[in-house]
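Read through the structure below, which is laid out as structure tokens, and then see the notes.
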Protein chains: 2
Amino acid sequence: MSSHDSVQEQAHTSRRSKITPERAQEFYTAVLELLRESGYESLTMEGVAARTRCGKSTLYRQWGSKPELVVAALHSTRRMLLSHIDTGSLAGDLREAAQAIGAGSGRDTPLMHALSHAALQSPELLCALRESLILPEIAAIDTMVQRAMERGEIPMDNPAAEFVSAQLLGVMRARPLLEAKIADEAYLTRFVESAVLPALGLDPAATGS
Amino acid sequence: MSSHDSVQEQAHTSRRSKITPERAQEFYTAVLELLRESGYESLTMEGVAARTRCGKSTLYRQWGSKPELVVAALHSTRRMLLSHIDTGSLAGDLREAAQAIGAGSGRDTPLMHALSHAALQSPELLCALRESLILPEIAAIDTMVQRAMERGEIPMDNPAAEFVSAQLLGVMRARPLLEAKIADEAYLTRFVESAVLPALGLDPAATGS
DNA sequence: ACGTTTCGGTACACTGGCGTATCGGAAGAC
DNA sequence: GTCTTCCGATACGCCAGTGTACCGAAACGT
């Protein structure tokens, strides 16, 4: 809390911190990289300090502890991969969503894997993970579905509508365990065509482009 | 390997180990309990020793190290929750599968959460996790689908068939992050009815009992 | 130009887990 | 009944990471 202030209000008259926002972002990206590489438990303050060429004292001055640093790093990376998508049809939207998720999956899937267990044991971390990586994308997908309902593409009470976002998030997390491979663009697209759209009652061949 | 022998062949003439199979199972269940509670990284040999009322030396004598102990514990719990299911229709099979998974989810979901990241960094662990918890259930589901194809319930080239197991495993892993709740029986049943069966082209209301 | 502030780097105490060594005592072998 | 073997327990050295303290140097404010 007080540790954040010094990072953010640094253009003030008092000039309390020399860590520019760009420098702070370097720290955050280093933290996220290390998380992806080794996971939350293996992330060390010394590792962050080494990668960013700074002293541990700087990290502890600014963020206080490792959990706070990770939370701050997460808050710095709100994903908005899907919010701009609006092709006019739900099938088109979901196809583009599959592409966008697949394109960014090299970044986000390892992060979620690294943090999912730690997040279930720390409420702050869970909150940060959901707010930064999960909810924005989920909300975007739900918006697509909502639009489709308003257009009459699918009925308002379509029971499968509720599960669209859960399915996409789910296969992202399931595939590495099933086939030891990241869920990439091709796999997600095939999944959307083969399972998600049929479940909604949309014929993949007949809708969209 | 040699450490396993002493546990297993203890009714021989030489009587090399006093650790009976029942006692070994106590160790394994303790390991799995601790994994569910705190995760792989937080699992300590000292914690296992304390919970099983034994000395660390016993653990190191029998299993050598923490990864080997965990792998052995996993191999001791092959799940066969779904292999016996055969109701005659795919819809009925999947409904029973949802119930069975939901009933056991308090046990298996935390375990998968605890191990999924560690497994992606250790091939032995990944192998053990897949062989003990994942592949048996996946294979059972695929068998159900295969039977349905042979019965003519669904076409042989139904594109959604490939994804049934991924869908079920996926929502199990997605729901805790979405709603901070374990995927229980009710949720899984609703998911099967609302998404899995429709994706396969089966009308939930018309099939099964 | 000078004083202040904060950074980067190192050194340090402290904690906790790993893996080893050792030992008394109990249980089975003969 | 003795002897062997293995268990349970404890103590120990080792290493890694945390968080603190301290210092010189560089950057900024005035």
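Residue numbering restarts at 1 for every chain of the structure tokens, chains are lettered A, B, ... in their displayed order, and ligands are numbered from 1 as they appear.
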Please identify every residue of chain B that has at least one atom no more than 9 Å from any atom of chain D, counting only C-alpha atoms (C1' of nucleotides), and report them as a PyMOL selection string. chain B and resi 15-19+53-58
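The environment of A:Gly106 within 10 Å, counting only C-alpha atoms (C1' of nucleotides) and disregarding residues fewer than 3 places along the same chain, consists of Arg36, Ile101, Gly102, Ala103, Thr109, Pro110, Leu111, Ile182, Ala183 and Asp184 of chain A.
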Kindly save the residues from that selection, with C-alpha atoms included, as a compact mmCIF listing (two decimals), in the first residue's frame.
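Output (out.txt):
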# COMPACT_ATOMS: atom_id res chain seq x y z
CA ARG A 36 6.84 -18.58 -16.09
CA ILE A 101 -5.68 -16.87 -27.02
CA GLY A 102 -3.49 -19.25 -28.96
CA ALA A 103 -1.20 -16.45 -30.04
CA THR A 109 -0.62 -20.38 -19.99
CA PRO A 110 2.70 -20.84 -18.20
CA LEU A 111 1.81 -17.95 -15.93
CA ILE A 182 0.53 -26.11 -24.85
CA ALA A 183 -2.92 -25.42 -26.23
CA ASP A 184 -1.96 -23.50 -29.34
Enumerate, in order of chain and increasing residue number, the residues of chain A with an atom no farther than 10 Å from chain B, each with its shortest atom pair and distance in Å to one decimal, counting only C-alpha atoms, as CSV.
residue,atom,partner,partner_atom,distance
A:Glu37,CA,B:Gln121,CA,9.4
A:Ser38,CA,B:Gln121,CA,8.2
A:Gly39,CA,B:His117,CA,7.4
A:Tyr40,CA,B:His117,CA,9.7
A:Glu41,CA,B:Glu41,CA,6.9
A:Ser42,CA,B:Glu41,CA,8.7
A:Pro110,CA,B:His117,CA,8.9
A:Met112,CA,B:His117,CA,9.4
A:His113,CA,B:His117,CA,5.8
A:Ala114,CA,B:His117,CA,6.0
A:Leu115,CA,B:His117,CA,8.6
A:Ser116,CA,B:His113,CA,7.4
A:His117,CA,B:His113,CA,5.8
A:Ala118,CA,B:Gly39,CA,8.4
A:Ala119,CA,B:Leu177,CA,8.7
A:Leu120,CA,B:Ala180,CA,8.1
A:Gln121,CA,B:Ser38,CA,8.1
A:Leu126,CA,B:Leu177,CA,7.9
A:Cys127,CA,B:Leu177,CA,9.6
A:Leu129,CA,B:Leu177,CA,8.8
A:Arg130,CA,B:Leu177,CA,7.2
A:Ile134,CA,B:Leu178,CA,7.7
A:Leu135,CA,B:Leu178,CA,7.9
A:Ile138,CA,B:Leu178,CA,8.7
A:Asn158,CA,B:Ser194,CA,8.3
A:Pro159,CA,B:Ser194,CA,5.1
A:Ala160,CA,B:Ser194,CA,4.9
A:Ala161,CA,B:Ala195,CA,8.4
A:Glu162,CA,B:Ser194,CA,8.7
A:Phe163,CA,B:Ala195,CA,7.1
A:Val164,CA,B:Ala195,CA,8.5
A:Ser165,CA,B:Ala174,CA,9.3
A:Ala166,CA,B:Ala174,CA,6.1
A:Gln167,CA,B:Val171,CA,6.2
A:Leu168,CA,B:Gly170,CA,8.3
A:Leu169,CA,B:Ala174,CA,6.0
A:Gly170,CA,B:Gly170,CA,3.6
A:Val171,CA,B:Gly170,CA,4.9
A:Met172,CA,B:Gly170,CA,7.5
A:Arg173,CA,B:Gly170,CA,6.3
A:Ala174,CA,B:Gly170,CA,4.9
A:Arg175,CA,B:Ala166,CA,7.1
A:Pro176,CA,B:Leu120,CA,8.1
A:Leu177,CA,B:Arg130,CA,7.2
A:Leu178,CA,B:Ile134,CA,7.7
A:Glu179,CA,B:Arg130,CA,9.9
A:Ala180,CA,B:Leu120,CA,8.1
A:Arg190,CA,B:Pro159,CA,8.8
A:Phe191,CA,B:Phe163,CA,7.2
A:Val192,CA,B:Ala160,CA,9.5
A:Glu193,CA,B:Pro159,CA,8.5
A:Ser194,CA,B:Ala160,CA,4.9
A:Ala195,CA,B:Ala160,CA,4.9
A:Val196,CA,B:Ala199,CA,6.8
A:Leu197,CA,B:Ala199,CA,7.5
A:Pro198,CA,B:Ala199,CA,4.6
A:Ala199,CA,B:Ala199,CA,3.8
A:Leu200,CA,B:Pro198,CA,7.5
A:Gly201,CA,B:Pro198,CA,7.5
A:Leu202,CA,B:Ala199,CA,9.6
Those same residues, written as a JSON list (two decimals), in the first residue's frame with C-alpha atoms?
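Saved file out.json follows:
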[["chain", "number", "residue", "atom", "x", "y", "z"],
["A", 37, "GLU", "CA", 10.22, -20.25, -15.98],
["A", 38, "SER", "CA", 10.21, -21.69, -12.50],
["A", 39, "GLY", "CA", 6.93, -21.09, -10.73],
["A", 40, "TYR", "CA", 5.89, -19.12, -7.71],
["A", 41, "GLU", "CA", 7.70, -21.09, -5.04],
["A", 42, "SER", "CA", 10.94, -21.06, -6.92],
["A", 110, "PRO", "CA", 2.70, -20.84, -18.20],
["A", 112, "MET", "CA", -1.47, -19.50, -14.95],
["A", 113, "HIS", "CA", 0.17, -22.84, -14.39],
["A", 114, "ALA", "CA", 2.80, -21.25, -12.23],
["A", 115, "LEU", "CA", 0.32, -19.33, -10.12],
["A", 116, "SER", "CA", -2.80, -21.44, -9.94],
["A", 117, "HIS", "CA", -1.84, -23.46, -6.92],
["A", 118, "ALA", "CA", -0.21, -20.63, -5.01],
["A", 119, "ALA", "CA", -3.26, -18.50, -5.73],
["A", 120, "LEU", "CA", -5.57, -21.02, -4.11],
["A", 121, "GLN", "CA", -3.66, -20.57, -0.87],
["A", 126, "LEU", "CA", -5.94, -15.27, -6.25],
["A", 127, "CYS", "CA", -7.57, -11.88, -6.53],
["A", 129, "LEU", "CA", -4.53, -13.44, -10.81],
["A", 130, "ARG", "CA", -8.23, -13.28, -11.53],
["A", 134, "ILE", "CA", -8.73, -14.32, -16.02],
["A", 135, "LEU", "CA", -11.70, -12.05, -15.53],
["A", 138, "ILE", "CA", -13.85, -14.21, -19.35],
["A", 158, "ASN", "CA", -29.25, -21.63, -24.16],
["A", 159, "PRO", "CA", -27.82, -23.85, -21.41],
["A", 160, "ALA", "CA", -24.41, -24.13, -23.04],
["A", 161, "ALA", "CA", -23.88, -20.38, -23.03],
["A", 162, "GLU", "CA", -22.86, -20.40, -19.40],
["A", 163, "PHE", "CA", -20.00, -22.78, -20.10],
["A", 164, "VAL", "CA", -18.30, -21.19, -23.08],
["A", 165, "SER", "CA", -15.67, -19.33, -21.10],
["A", 166, "ALA", "CA", -15.13, -22.20, -18.70],
["A", 167, "GLN", "CA", -14.51, -24.54, -21.60],
["A", 168, "LEU", "CA", -11.94, -22.31, -23.21],
["A", 169, "LEU", "CA", -10.11, -21.72, -19.97],
["A", 170, "GLY", "CA", -10.45, -25.40, -19.21],
["A", 171, "VAL", "CA", -8.83, -26.81, -22.31],
["A", 172, "MET", "CA", -6.00, -24.34, -21.92],
["A", 173, "ARG", "CA", -5.29, -25.90, -18.57],
["A", 174, "ALA", "CA", -6.11, -29.46, -19.54],
["A", 175, "ARG", "CA", -4.04, -29.99, -22.64],
["A", 176, "PRO", "CA", -0.59, -29.76, -21.08],
["A", 177, "LEU", "CA", -1.54, -32.64, -18.81],
["A", 178, "LEU", "CA", -3.16, -34.67, -21.55],
["A", 179, "GLU", "CA", -0.68, -34.30, -24.34],
["A", 180, "ALA", "CA", 2.21, -32.45, -22.72],
["A", 190, "ARG", "CA", -10.37, -27.02, -33.66],
["A", 191, "PHE", "CA", -11.89, -27.16, -30.21],
["A", 192, "VAL", "CA", -14.13, -24.19, -30.87],
["A", 193, "GLU", "CA", -15.29, -25.63, -34.18],
["A", 194, "SER", "CA", -15.77, -29.15, -32.92],
["A", 195, "ALA", "CA", -17.18, -28.70, -29.44],
["A", 196, "VAL", "CA", -18.06, -25.16, -28.42],
["A", 197, "LEU", "CA", -20.07, -24.11, -31.45],
["A", 198, "PRO", "CA", -21.97, -27.41, -31.75],
["A", 199, "ALA", "CA", -22.83, -27.27, -28.06],
["A", 200, "LEU", "CA", -24.40, -23.87, -28.66],
["A", 201, "GLY", "CA", -26.40, -25.25, -31.54],
["A", 202, "LEU", "CA", -24.40, -23.41, -34.17]]
Compute the set of chain C residues within 9 Å of chain B, using only C-alpha atoms (C1' of nucleotides), and express it as a ChimeraX atom specification. /C:17-20,27-29
Tell me, which residues of chain B carry DSSP helix (DSSP H, G or I), written as number ranges by chain? B: 2-8, 21-38, 45-52, 56-63, 66-75, 90-119, 123-151, 159-179, 185-200
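Between atom CA of B:Ser83 and atom CA of B:Ala100 the interatomic distance comes to 10.5 Å.
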Could you tell me how far atom CA of B:Leu81 sits from atom CA of B:Gln25, in Å to one decimal place? 19.2 Å
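Picture a line from atom CA of A:Asp86 to atom CA of A:Asp142; it runs 12.3 Å.
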Tell me which protein, DNA and RNA residues are within 10 Å of B:Ala128, counting only C-alpha atoms (C1' of nucleotides), leaving out same-chain ones fewer than 5 positions away, and put them as a PDB file with C-alpha atoms, in the first residue's frame.
ATOM      1  CA  VAL B  70       5.881 -38.727  -4.105  1.00  0.00           C
ATOM      2  CA  VAL B  71       6.101 -40.810  -7.251  1.00  0.00           C
ATOM      3  CA  ALA B  72       5.676 -43.979  -5.218  1.00  0.00           C
ATOM      4  CA  ALA B  73       2.706 -42.480  -3.405  1.00  0.00           C
ATOM      5  CA  LEU B  74       1.085 -41.592  -6.700  1.00  0.00           C
ATOM      6  CA  HIS B  75       1.641 -45.050  -8.131  1.00  0.00           C
ATOM      7  CA  SER B  76      -0.148 -46.478  -5.123  1.00  0.00           C
ATOM      8  CA  ARG B  78      -4.421 -45.605  -9.451  1.00  0.00           C
ATOM      9  CA  ALA B 119       4.788 -32.185 -12.859  1.00  0.00           C
ATOM     10  CA  PRO B 123       9.261 -35.835 -16.232  1.00  0.00           C
ATOM     11  CA  LEU B 133      -4.783 -39.933 -11.905  1.00  0.00           C
ATOM     12  CA  ILE B 134      -5.318 -38.807 -15.459  1.00  0.00           C
TER      13      ILE B 134
END
